[in-house]
>>> print(open('run_31.cif').read())   # mmCIF, C-alpha atoms and all ligand atoms
data_entry
#
loop_
_atom_site.group_PDB
_atom_site.id
_atom_site.type_symbol
_atom_site.label_atom_id
_atom_site.label_comp_id
_atom_site.auth_asym_id
_atom_site.auth_seq_id
_atom_site.Cartn_x
_atom_site.Cartn_y
_atom_site.Cartn_z
ATOM 1 C CA MET Y 686 35.884 -26.260 23.887
ATOM 2 C CA GLU Y 687 35.664 -24.072 20.846
ATOM 3 C CA ASP Y 688 32.427 -24.294 18.920
ATOM 4 C CA LYS Y 689 33.342 -25.392 15.406
ATOM 5 C CA ASP Y 690 29.763 -25.686 14.219
ATOM 6 C CA GLU Y 691 30.155 -22.752 11.901
ATOM 7 C CA ASP Y 692 32.831 -24.607 9.932
ATOM 8 C CA LYS Y 693 30.737 -27.679 9.299
ATOM 9 C CA PRO Y 694 29.921 -28.022 5.631
ATOM 10 C CA GLY Y 695 26.343 -27.315 4.736
ATOM 11 C CA ARG Y 696 25.493 -25.365 7.852
ATOM 12 C CA ASN Y 697 25.952 -21.932 6.296
ATOM 13 C CA ASP Y 698 24.088 -23.041 3.186
ATOM 14 C CA MET Y 699 21.131 -24.138 5.257
ATOM 15 C CA THR Y 700 21.128 -20.851 7.087
ATOM 16 C CA LEU Y 701 21.255 -19.007 3.782
ATOM 17 C CA ALA Y 702 18.346 -21.066 2.439
ATOM 18 C CA ALA Y 703 16.348 -20.264 5.578
ATOM 19 C CA ILE Y 704 17.187 -16.573 5.267
ATOM 20 C CA MET Y 705 16.176 -16.562 1.620
ATOM 21 C CA GLU Y 706 12.914 -18.293 2.392
ATOM 22 C CA GLN Y 707 12.255 -15.752 5.113
ATOM 23 C CA ALA Y 708 13.056 -12.908 2.732
ATOM 24 C CA GLU Y 709 10.574 -14.328 0.254
ATOM 25 C CA ASP Y 710 7.874 -14.422 2.935
ATOM 26 C CA ASP Y 711 8.613 -10.856 3.986
ATOM 27 C CA ARG Y 712 8.526 -9.538 0.450
ATOM 28 C CA PRO Y 713 5.511 -7.316 -0.070
ATOM 29 C CA GLU Y 714 2.958 -8.191 -2.725
ATOM 30 C CA PRO Y 715 3.703 -6.498 -6.027
ATOM 31 C CA VAL Y 716 1.456 -3.563 -6.911
ATOM 32 C CA ILE Y 717 1.660 -4.685 -10.537
ATOM 33 C CA SER Y 718 2.218 -8.243 -11.653
ATOM 34 C CA VAL Y 719 1.967 -8.852 -15.361
ATOM 35 C CA HIS Y 720 2.432 -12.263 -16.999
ATOM 36 C CA ASN Y 721 2.897 -12.759 -20.694
ATOM 37 C CA LEU Y 722 0.665 -9.868 -21.654
ATOM 38 C CA THR Y 723 -0.099 -9.412 -25.329
ATOM 39 C CA LYS Y 724 -2.126 -6.855 -27.230
ATOM 40 C CA THR Y 725 -2.904 -7.158 -30.905
ATOM 41 C CA TYR Y 726 -4.873 -4.425 -32.635
ATOM 42 C CA ILE Y 727 -7.014 -5.524 -35.546
ATOM 43 C CA LEU Y 728 -7.362 -2.931 -38.288
ATOM 44 C CA GLY Y 729 -10.250 -3.000 -40.733
ATOM 45 C CA GLY Y 730 -11.116 -6.555 -39.733
ATOM 46 C CA LYS Y 731 -7.967 -8.112 -41.184
ATOM 47 C CA THR Y 732 -4.604 -6.385 -40.647
ATOM 48 C CA SER Y 733 -3.316 -7.205 -37.194
ATOM 49 C CA VAL Y 734 -0.769 -5.083 -35.344
ATOM 50 C CA PRO Y 735 1.017 -6.934 -32.545
ATOM 51 C CA ALA Y 736 1.663 -3.972 -30.207
ATOM 52 C CA LEU Y 737 2.719 -6.088 -27.188
ATOM 53 C CA ARG Y 738 4.250 -9.522 -27.661
ATOM 54 C CA GLY Y 739 4.351 -11.096 -24.227
ATOM 55 C CA ILE Y 740 5.283 -8.688 -21.452
ATOM 56 C CA SER Y 741 6.085 -9.996 -17.948
ATOM 57 C CA LEU Y 742 6.889 -7.522 -15.198
ATOM 58 C CA ASP Y 743 6.509 -7.106 -11.426
ATOM 59 C CA VAL Y 744 6.501 -3.687 -9.775
ATOM 60 C CA TYR Y 745 6.727 -3.534 -5.970
ATOM 61 C CA PRO Y 746 5.398 -0.876 -3.601
ATOM 62 C CA GLY Y 747 7.586 2.228 -3.515
ATOM 63 C CA GLU Y 748 9.231 1.624 -6.886
ATOM 64 C CA PHE Y 749 9.714 4.416 -9.425
ATOM 65 C CA VAL Y 750 9.912 2.826 -12.866
ATOM 66 C CA ALA Y 751 10.608 4.590 -16.156
ATOM 67 C CA ILE Y 752 9.302 2.796 -19.258
ATOM 68 C CA MET Y 753 11.407 3.795 -22.240
ATOM 69 C CA GLY Y 754 11.571 2.937 -25.917
ATOM 70 C CA PRO Y 755 11.229 4.427 -29.395
ATOM 71 C CA SER Y 756 7.970 5.592 -30.939
ATOM 72 C CA GLY Y 757 5.663 2.675 -31.690
ATOM 73 C CA SER Y 758 7.399 0.272 -29.283
ATOM 74 C CA GLY Y 759 4.203 -0.248 -27.259
ATOM 75 C CA LYS Y 760 4.684 2.065 -24.253
ATOM 76 C CA SER Y 761 1.274 3.744 -24.377
ATOM 77 C CA THR Y 762 -0.442 0.470 -25.185
ATOM 78 C CA PHE Y 763 1.156 -1.007 -22.072
ATOM 79 C CA MET Y 764 0.194 2.012 -19.927
ATOM 80 C CA ASN Y 765 -3.402 1.776 -21.133
ATOM 81 C CA LEU Y 766 -3.490 -1.835 -19.980
ATOM 82 C CA LEU Y 767 -1.848 -0.982 -16.644
ATOM 83 C CA GLY Y 768 -4.347 1.826 -16.216
ATOM 84 C CA CYS Y 769 -7.311 -0.508 -16.891
ATOM 85 C CA LEU Y 770 -8.303 1.688 -19.836
ATOM 86 C CA ASP Y 771 -8.055 -1.252 -22.195
ATOM 87 C CA ARG Y 772 -7.952 -5.031 -21.993
ATOM 88 C CA PRO Y 773 -5.148 -7.342 -23.135
ATOM 89 C CA THR Y 774 -5.547 -9.834 -25.960
ATOM 90 C CA SER Y 775 -4.011 -12.501 -23.711
ATOM 91 C CA GLY Y 776 -2.027 -12.801 -20.501
ATOM 92 C CA GLU Y 777 -2.645 -11.909 -16.882
ATOM 93 C CA TYR Y 778 -2.573 -8.596 -15.074
ATOM 94 C CA TRP Y 779 -2.750 -8.529 -11.262
ATOM 95 C CA LEU Y 780 -3.181 -5.085 -9.738
ATOM 96 C CA ALA Y 781 -2.719 -4.922 -5.953
ATOM 97 C CA GLY Y 782 -3.720 -8.582 -5.703
ATOM 98 C CA ASN Y 783 -6.761 -8.322 -8.031
ATOM 99 C CA LEU Y 784 -6.782 -10.239 -11.305
ATOM 100 C CA VAL Y 785 -7.971 -7.340 -13.434
ATOM 101 C CA SER Y 786 -7.325 -8.807 -16.884
ATOM 102 C CA SER Y 787 -10.615 -10.700 -16.732
ATOM 103 C CA LEU Y 788 -12.867 -8.154 -14.995
ATOM 104 C CA SER Y 789 -16.026 -6.671 -16.491
ATOM 105 C CA SER Y 790 -15.879 -3.031 -17.646
ATOM 106 C CA ASP Y 791 -17.837 -1.876 -14.589
ATOM 107 C CA ARG Y 792 -15.521 -3.545 -12.091
ATOM 108 C CA LEU Y 793 -12.557 -2.322 -14.098
ATOM 109 C CA ALA Y 794 -13.795 1.269 -13.894
ATOM 110 C CA SER Y 795 -14.296 1.021 -10.159
ATOM 111 C CA ILE Y 796 -10.838 -0.504 -9.535
ATOM 112 C CA ARG Y 797 -9.322 2.187 -11.737
ATOM 113 C CA ASN Y 798 -11.028 4.921 -9.766
ATOM 114 C CA GLN Y 799 -9.872 3.509 -6.422
ATOM 115 C CA LEU Y 800 -6.355 2.371 -7.179
ATOM 116 C CA ILE Y 801 -4.902 4.380 -10.033
ATOM 117 C CA GLY Y 802 -3.989 8.006 -10.602
ATOM 118 C CA PHE Y 803 -3.169 9.201 -14.130
ATOM 119 C CA VAL Y 804 -1.023 12.009 -15.413
ATOM 120 C CA PHE Y 805 -0.881 12.637 -19.163
ATOM 121 C CA GLN Y 806 1.320 14.677 -21.449
ATOM 122 C CA GLY Y 807 -1.535 17.026 -22.358
ATOM 123 C CA PHE Y 808 -2.732 17.563 -18.746
ATOM 124 C CA ASN Y 809 -6.355 16.711 -19.721
ATOM 125 C CA LEU Y 810 -7.917 19.280 -17.399
ATOM 126 C CA LEU Y 811 -11.428 20.662 -17.739
ATOM 127 C CA GLY Y 812 -10.877 24.066 -19.309
ATOM 128 C CA ARG Y 813 -13.832 25.826 -17.720
ATOM 129 C CA ALA Y 814 -13.312 24.466 -14.212
ATOM 130 C CA THR Y 815 -11.042 25.946 -11.554
ATOM 131 C CA ALA Y 816 -8.025 24.033 -10.228
ATOM 132 C CA LEU Y 817 -10.071 23.198 -7.131
ATOM 133 C CA ARG Y 818 -12.975 21.793 -9.161
ATOM 134 C CA ASN Y 819 -10.647 19.821 -11.458
ATOM 135 C CA VAL Y 820 -9.030 18.178 -8.439
ATOM 136 C CA SER Y 821 -12.227 17.509 -6.502
ATOM 137 C CA LEU Y 822 -14.109 15.942 -9.426
ATOM 138 C CA PRO Y 823 -12.769 12.370 -9.060
ATOM 139 C CA MET Y 824 -14.136 12.392 -5.508
ATOM 140 C CA VAL Y 825 -17.773 12.627 -6.547
ATOM 141 C CA TYR Y 826 -18.200 8.883 -6.077
ATOM 142 C CA ALA Y 827 -16.533 8.903 -2.678
ATOM 143 C CA GLY Y 828 -19.689 9.923 -0.826
ATOM 144 C CA LEU Y 829 -18.237 13.132 0.617
ATOM 145 C CA SER Y 830 -20.049 16.443 0.853
ATOM 146 C CA ARG Y 831 -18.976 19.210 -1.509
ATOM 147 C CA ARG Y 832 -17.381 21.089 1.392
ATOM 148 C CA GLU Y 833 -15.374 18.019 2.428
ATOM 149 C CA ARG Y 834 -14.297 17.488 -1.164
ATOM 150 C CA ASP Y 835 -13.176 21.105 -1.474
ATOM 151 C CA ILE Y 836 -11.179 20.938 1.754
ATOM 152 C CA ARG Y 837 -9.431 17.787 0.636
ATOM 153 C CA ALA Y 838 -8.781 19.136 -2.875
ATOM 154 C CA SER Y 839 -7.255 22.334 -1.529
ATOM 155 C CA LYS Y 840 -4.983 20.317 0.789
ATOM 156 C CA VAL Y 841 -3.689 18.273 -2.135
ATOM 157 C CA LEU Y 842 -3.226 21.421 -4.215
ATOM 158 C CA ASP Y 843 -1.200 22.787 -1.308
ATOM 159 C CA LEU Y 844 0.909 19.635 -1.391
ATOM 160 C CA VAL Y 845 1.911 20.290 -5.000
ATOM 161 C CA GLY Y 846 2.662 23.944 -4.221
ATOM 162 C CA LEU Y 847 -0.502 25.427 -5.731
ATOM 163 C CA GLY Y 848 -2.281 26.550 -2.583
ATOM 164 C CA GLY Y 849 -2.356 30.089 -3.954
ATOM 165 C CA ARG Y 850 -3.931 29.153 -7.293
ATOM 166 C CA ILE Y 851 -6.986 27.097 -6.389
ATOM 167 C CA ASN Y 852 -9.448 29.411 -8.124
ATOM 168 C CA HIS Y 853 -7.485 29.707 -11.351
ATOM 169 C CA LYS Y 854 -8.741 28.035 -14.523
ATOM 170 C CA PRO Y 855 -6.232 26.073 -16.659
ATOM 171 C CA SER Y 856 -5.888 28.988 -19.127
ATOM 172 C CA GLU Y 857 -4.791 31.156 -16.184
ATOM 173 C CA LEU Y 858 -1.993 28.760 -15.223
ATOM 174 C CA SER Y 859 1.447 27.981 -16.692
ATOM 175 C CA GLY Y 860 2.112 24.557 -18.236
ATOM 176 C CA GLY Y 861 3.962 23.397 -15.137
ATOM 177 C CA GLN Y 862 1.156 24.612 -12.897
ATOM 178 C CA GLN Y 863 -1.425 22.828 -15.053
ATOM 179 C CA GLN Y 864 0.556 19.620 -14.748
ATOM 180 C CA ARG Y 865 0.649 20.105 -10.978
ATOM 181 C CA VAL Y 866 -3.135 20.378 -10.949
ATOM 182 C CA ALA Y 867 -3.246 17.126 -12.936
ATOM 183 C CA ILE Y 868 -0.935 15.490 -10.391
ATOM 184 C CA ALA Y 869 -3.126 16.709 -7.519
ATOM 185 C CA ARG Y 870 -6.177 15.292 -9.320
ATOM 186 C CA ALA Y 871 -4.362 11.967 -9.761
ATOM 187 C CA LEU Y 872 -3.626 11.830 -6.021
ATOM 188 C CA ILE Y 873 -6.993 12.838 -4.667
ATOM 189 C CA ASN Y 874 -8.386 9.319 -4.126
ATOM 190 C CA GLY Y 875 -5.180 8.030 -2.499
ATOM 191 C CA PRO Y 876 -4.130 5.683 -5.336
ATOM 192 C CA ALA Y 877 -1.865 2.664 -4.926
ATOM 193 C CA LEU Y 878 -0.242 3.519 -8.231
ATOM 194 C CA LEU Y 879 0.518 6.660 -10.207
ATOM 195 C CA LEU Y 880 0.807 6.241 -13.982
ATOM 196 C CA ALA Y 881 2.337 9.060 -15.994
ATOM 197 C CA ASP Y 882 2.594 8.969 -19.806
ATOM 198 C CA GLU Y 883 5.190 11.555 -20.939
ATOM 199 C CA PRO Y 884 4.243 13.957 -18.096
ATOM 200 C CA THR Y 885 6.988 16.407 -19.105
ATOM 201 C CA GLY Y 886 6.489 16.026 -22.875
ATOM 202 C CA ASN Y 887 4.848 19.458 -23.235
ATOM 203 C CA LEU Y 888 7.115 21.278 -20.795
ATOM 204 C CA ASP Y 889 10.436 23.110 -21.093
ATOM 205 C CA SER Y 890 13.460 21.612 -19.364
ATOM 206 C CA HIS Y 891 13.269 23.862 -16.292
ATOM 207 C CA THR Y 892 9.597 23.082 -15.710
ATOM 208 C CA SER Y 893 10.271 19.379 -16.335
ATOM 209 C CA ILE Y 894 12.688 19.373 -13.409
ATOM 210 C CA GLU Y 895 9.999 20.961 -11.257
ATOM 211 C CA ILE Y 896 7.489 18.251 -12.175
ATOM 212 C CA MET Y 897 10.030 15.452 -11.717
ATOM 213 C CA GLY Y 898 10.783 16.963 -8.296
ATOM 214 C CA ILE Y 899 7.149 16.578 -7.303
ATOM 215 C CA LEU Y 900 7.049 12.989 -8.561
ATOM 216 C CA GLN Y 901 10.283 12.144 -6.711
ATOM 217 C CA ALA Y 902 8.959 13.706 -3.493
ATOM 218 C CA LEU Y 903 5.753 11.668 -3.772
ATOM 219 C CA ASN Y 904 7.775 8.521 -4.423
ATOM 220 C CA GLU Y 905 9.898 9.297 -1.321
ATOM 221 C CA GLN Y 906 6.650 9.262 0.619
ATOM 222 C CA GLY Y 907 5.980 5.744 -0.653
ATOM 223 C CA LEU Y 908 3.889 6.275 -3.798
ATOM 224 C CA THR Y 909 4.555 3.695 -6.519
ATOM 225 C CA ILE Y 910 5.126 5.401 -9.868
ATOM 226 C CA VAL Y 911 5.345 4.101 -13.423
ATOM 227 C CA LEU Y 912 6.285 6.773 -15.928
ATOM 228 C CA VAL Y 913 6.629 6.586 -19.707
ATOM 229 C CA THR Y 914 9.258 8.711 -21.370
ATOM 230 C CA HIS Y 915 11.253 8.673 -24.566
ATOM 231 C CA ASP Y 916 13.707 11.100 -22.926
ATOM 232 C CA ALA Y 917 16.750 9.365 -21.410
ATOM 233 C CA ASN Y 918 17.383 12.401 -19.168
ATOM 234 C CA VAL Y 919 13.935 12.194 -17.628
ATOM 235 C CA ALA Y 920 14.357 8.443 -17.108
ATOM 236 C CA GLN Y 921 17.419 9.199 -14.955
ATOM 237 C CA TYR Y 922 15.133 10.500 -12.186
ATOM 238 C CA ALA Y 923 13.569 7.042 -11.818
ATOM 239 C CA LYS Y 924 14.977 4.204 -9.708
ATOM 240 C CA ARG Y 925 14.482 1.539 -12.375
ATOM 241 C CA GLN Y 926 14.375 1.592 -16.164
ATOM 242 C CA VAL Y 927 12.494 -0.819 -18.392
ATOM 243 C CA ALA Y 928 13.099 -0.485 -22.130
ATOM 244 C CA PHE Y 929 10.589 -1.605 -24.767
ATOM 245 C CA LEU Y 930 11.334 -2.434 -28.384
ATOM 246 C CA ASP Y 931 8.771 -3.767 -30.864
ATOM 247 C CA GLY Y 932 6.378 -4.770 -28.099
ATOM 248 C CA GLU Y 933 8.947 -6.584 -25.967
ATOM 249 C CA ILE Y 934 11.044 -5.738 -22.927
ATOM 250 C CA VAL Y 935 14.673 -5.592 -24.007
ATOM 251 C CA ARG Y 936 16.210 -4.126 -20.826
ATOM 252 C CA ASP Y 937 15.193 -3.959 -17.157
ATOM 253 C CA GLU Y 938 17.698 -2.545 -14.690
ATOM 254 C CA PRO Y 939 18.025 -0.321 -11.624
ATOM 255 C CA VAL Y 940 19.375 3.223 -11.958
ATOM 256 C CA SER Y 941 22.558 3.187 -9.885
ATOM 257 C CA SER Y 942 22.333 6.820 -8.788
ATOM 258 C CA PRO Y 943 19.145 8.567 -9.870
ATOM 259 C CA ARG Y 944 19.270 12.303 -10.509
ATOM 260 C CA SER Y 945 17.769 14.470 -7.795
ATOM 261 C CA ALA Y 946 15.308 16.968 -9.233
ATOM 262 C CA ALA Y 947 15.119 18.875 -5.936
ATOM 263 C CA GLU Y 948 18.897 19.472 -5.959
ATOM 264 C CA GLU Y 949 18.921 20.477 -9.628
ATOM 265 C CA TRP Y 950 15.962 22.776 -9.137
ATOM 266 C CA GLU Y 951 17.669 24.519 -6.236
ATOM 267 C CA LYS Y 952 20.913 24.882 -8.168
ATOM 268 C CA LEU Y 953 19.153 26.295 -11.241
ATOM 269 C CA ASN Y 954 17.268 28.854 -9.207
ATOM 270 C CA SER Y 955 20.306 30.001 -7.286
ATOM 271 C CA GLU Y 956 22.293 30.323 -10.533
ATOM 272 C CA HIS Y 957 19.603 32.370 -12.253
ATOM 273 C CA GLY Y 958 18.568 34.287 -9.168
ATOM 274 C CA VAL Y 959 14.958 33.233 -9.705
ATOM 275 C CA VAL Y 960 12.540 34.158 -6.971
ATOM 276 C CA VAL Y 961 10.396 31.098 -6.451
ATOM 277 C CA GLU Y 962 6.868 32.242 -5.864
ATOM 278 C CA GLU Y 963 5.376 28.935 -4.921
ATOM 279 C CA GLU Y 964 6.524 26.367 -2.504
ATOM 280 C CA THR Y 965 8.654 23.716 -4.153
ATOM 281 C CA PRO Y 966 8.422 20.087 -3.073
HETATM 282 N N1 LIG R 1001 -5.744 1.976 -31.488
HETATM 283 C C1 LIG R 1001 -4.810 1.409 -32.254
HETATM 284 N N2 LIG R 1001 -5.161 0.686 -33.349
HETATM 285 C C2 LIG R 1001 -4.233 0.094 -34.111
HETATM 286 N N3 LIG R 1001 -2.911 0.119 -33.883
HETATM 287 C C3 LIG R 1001 -2.494 0.813 -32.820
HETATM 288 C C4 LIG R 1001 -3.417 1.493 -31.948
HETATM 289 N N4 LIG R 1001 -2.716 2.093 -30.964
HETATM 290 C C5 LIG R 1001 -1.420 1.797 -31.202
HETATM 291 N N5 LIG R 1001 -1.290 1.045 -32.319
HETATM 292 C C6 LIG R 1001 -0.018 0.509 -32.864
HETATM 293 O O1 LIG R 1001 0.605 -0.246 -31.846
HETATM 294 C C7 LIG R 1001 2.008 -0.004 -31.817
HETATM 295 C C8 LIG R 1001 2.414 0.543 -30.448
HETATM 296 O O2 LIG R 1001 1.862 1.846 -30.277
HETATM 297 P P1 LIG R 1001 2.011 2.699 -28.950
HETATM 298 O O3 LIG R 1001 1.099 3.873 -29.067
HETATM 299 O O4 LIG R 1001 1.824 1.810 -27.796
HETATM 300 O O5 LIG R 1001 3.543 3.157 -29.047
HETATM 301 P P2 LIG R 1001 4.392 4.150 -28.122
HETATM 302 O O6 LIG R 1001 5.586 3.382 -27.682
HETATM 303 O O7 LIG R 1001 3.526 4.724 -27.064
HETATM 304 O O8 LIG R 1001 4.849 5.264 -29.147
HETATM 305 P P3 LIG R 1001 5.044 6.876 -28.942
HETATM 306 O O9 LIG R 1001 6.408 7.042 -28.316
HETATM 307 O O10 LIG R 1001 5.012 7.401 -30.338
HETATM 308 O O11 LIG R 1001 3.941 7.394 -28.090
HETATM 309 C C9 LIG R 1001 2.289 0.933 -32.972
HETATM 310 O O12 LIG R 1001 2.715 0.165 -34.060
HETATM 311 C C10 LIG R 1001 0.960 1.587 -33.254
HETATM 312 O O13 LIG R 1001 0.847 1.946 -34.592
HETATM 313 MG MG MG R 1002 2.892 6.729 -26.601
#
>>> encode(input="run_31.cif", output="structure tokens")
Amino acid sequence: MEDKDEDKPGRNDMTLAAIMEQAEDDRPEPVISVHNLTKTYILGGKTSVPALRGISLDVYPGEFVAIMGPSGSGKSTFMNLLGCLDRPTSGEYWLAGNLVSSLSSDRLASIRNQLIGFVFQGFNLLGRATALRNVSLPMVYAGLSRRERDIRASKVLDLVGLGGRINHKPSELSGGQQQRVAIARALINGPALLLADEPTGNLDSHTSIEIMGILQALNEQGLTIVLVTHDANVAQYAKRQVAFLDGEIVRDEPVSSPRSAAEEWEKLNSEHGVVVEEETP
């Protein structure tokens, strides 16, 4: 006899419920889980500036999120909280399963050092130190010998295509190369999360593509990235966009087909006949 079980009402629903429950169990822990986060700055003891008005957001491993929004909308304030550089006025922040919103400054600094890599608009490199020294510095607490640190730093510099520039100081590097050093420095401790606040803000459009190419390649390898940009073009390289306005999230959606920086970079160079000196990601 034919098995009609599949037609019985309710059966498919139950299966669906079971599948959904299973999917929930299999879902990885978010890298970032933020609940109702607020930040109010107090100026001169009385004027209060509500910079964040209740932000809730989950970011899962392997995501590439662009935070967008006009000037003053709270993007940097939010990044500073995500980066454990500042503490919220209220709300919860879980970073890789740790409730960081209530940690002491010491614990916060140690979590930050272990779990987070930063890239800033202005590169923030030590001017008198070589690329190698800039990249190896965050490892001083890792208990490695100087030689081990140097080997590791030069490997990461290789990864961002700067193997041939390890002894250059920032003033002897182009803007794009300096930002690559900053990216290598951000990666050196194997972070769970890379935070980038306007990483292409000081770069021309060609160099921006180069930097976005490196970030996309790292994301392909599984690195979770949250990037702030006011530039809608740059946000197109991300897989998800979250828009801020007046301290609130007003839009949160996936990018249906993100731009590929590697493809654009290749096309640009073939069009202009540029000889690429360094390895590109
Ligand atoms: N340290 C501070 N003290 C007081 N108010 C601040 C402080 N930092 C930021 N603000 C205020 O908080 C709000 C959000 O600022 P924030 O720097 O987060 O904006 P943003 O989105 O990063 O802007 P931009 O695109 O210009 O970088 C603004 O109104 C700003 O004036
Ligand atoms: Mg800002």
>>> resolve_selection(input="run_31.cif", expression="the PyMOL selection byres (((chain Y and resi 802-815) around 8) and not hetatm)", output="MDAnalysis selection string")
chainID Y and resid 768 797:798 800:801 816:819 851:856 863:864 867:868 870:872 874 876 878:887
>>> atom_distance(input="run_31.cif", atom1="CA of Glu948 (chain Y)", atom2="CA of Gly848 (chain Y)")
22.6 Å
>>> resolve_selection(input="run_31.cif", expression="the PyMOL selection byres (((chain Y and resi 891) around 12) and not hetatm)", output="PyMOL selection string")
chain Y and resi 860-861+885+887-890+892-898+919+946-947+949-954+957+959
>>> atom_distance(input="run_31.cif", atom1="CA of Leu770 (chain Y)", atom2="CA of Pro939 (chain Y)")
27.7 Å
>>> closest_residue(input="run_31.cif", among="Y:Lys760, Y:Lys724, Y:Leu784, Y:Val719", to="Arg772 (chain Y)", atoms="only C-alpha atoms")
Y:Lys724
>>> resolve_selection(input="run_31.cif", expression="the PyMOL selection byres (((not hetatm)) within 8 of (chain R and resi 1001))", output="list in words")
Thr725, Tyr726, Ile727, Leu728, Ser733, Val734, Pro735, Ala736, Leu737, Met753, Gly754, Pro755, Ser756, Gly757, Ser758, Gly759, Lys760, Ser761, Thr762, Phe763, Thr914, His915, Phe929, Asp931 and Gly932 of chain Y
>>> atom_distance(input="run_31.cif", atom1="CA of Asp916 (chain Y)", atom2="CA of Glu938 (chain Y)")
16.4 Å
>>> closest_residue(input="run_31.cif", among="Y:Ala923, Y:Met764, Y:Leu930, Y:Ile910", to="ligand MG 1002 (chain R)", atoms="only C-alpha atoms and all ligand atoms")
Y:Met764
>>> closest_residue(input="run_31.cif", among="Y:Ile752, Y:Leu908, Y:Leu822, Y:Ile873", to="ligand MG 1002 (chain R)", atoms="only C-alpha atoms and all ligand atoms")
Y:Ile752
>>> closest_residue(input="run_31.cif", among="Y:Ser741, Y:Gln799, Y:Ser942, Y:Asn904", to="Cys769 (chain Y)", atoms="all atoms listed in the file")
Y:Gln799
>>> axis_aligned_box(input="run_31.cif", around="region 879-890 of chain Y", padding_each_side="4 Å", output="JSON")
{"center_x": 7.0, "center_y": 14.7, "center_z": -16.7, "size_x": 20.9, "size_y": 24.9, "size_z": 21.0}
>>> closest_residue(input="run_31.cif", among="Y:Val866, Y:Leu829, Y:Val785, Y:Val913", to="ligand MG 1002 (chain R)", atoms="only C-alpha atoms and all ligand atoms")
Y:Val913
>>> closest_residue(input="run_31.cif", among="Y:Asn765, Y:Gln901, Y:Asn918, Y:Gln707", to="ligand MG 1002 (chain R)", atoms="all atoms listed in the file")
Y:Asn765
>>> residues_near_point(input="run_31.cif", point="(-10.5, -11.2, -21.7)", cutoff="9 Å", atoms="only C-alpha atoms", output="PyMOL selection string")
chain Y and resi 772-776+786-789
>>> decode(input="run_31.cif", residues="region 748-759 of chain Y", atoms="N, CA and C atoms", output="compact mmCIF listing (two decimals), in the first residue's frame")
# COMPACT_ATOMS: atom_id res chain seq x y z
N GLU Y 748 30.79 37.02 9.48
CA GLU Y 748 30.04 38.13 8.87
C GLU Y 748 30.99 39.28 8.49
N PHE Y 749 30.55 40.08 7.55
CA PHE Y 749 31.27 41.31 7.17
C PHE Y 749 30.21 42.41 7.16
N VAL Y 750 30.20 43.20 8.23
CA VAL Y 750 29.13 44.18 8.42
C VAL Y 750 29.66 45.60 8.20
N ALA Y 751 28.94 46.37 7.42
CA ALA Y 751 29.27 47.80 7.27
C ALA Y 751 28.27 48.61 8.10
N ILE Y 752 28.79 49.42 9.02
CA ILE Y 752 27.96 50.35 9.79
C ILE Y 752 27.99 51.68 9.06
N MET Y 753 26.81 52.16 8.69
CA MET Y 753 26.74 53.41 7.93
C MET Y 753 25.93 54.45 8.70
N GLY Y 754 25.92 55.67 8.17
CA GLY Y 754 25.12 56.71 8.81
C GLY Y 754 25.81 58.05 8.71
N PRO Y 755 25.04 59.13 8.80
CA PRO Y 755 25.63 60.47 8.67
C PRO Y 755 26.51 60.83 9.86
N SER Y 756 27.26 61.90 9.71
CA SER Y 756 28.12 62.39 10.78
C SER Y 756 27.30 62.65 12.03
N GLY Y 757 27.81 62.19 13.17
CA GLY Y 757 27.13 62.41 14.44
C GLY Y 757 26.07 61.37 14.77
N SER Y 758 25.90 60.35 13.91
CA SER Y 758 24.82 59.38 14.15
C SER Y 758 25.19 58.33 15.21
N GLY Y 759 26.46 58.32 15.64
CA GLY Y 759 26.84 57.41 16.73
C GLY Y 759 27.73 56.25 16.31
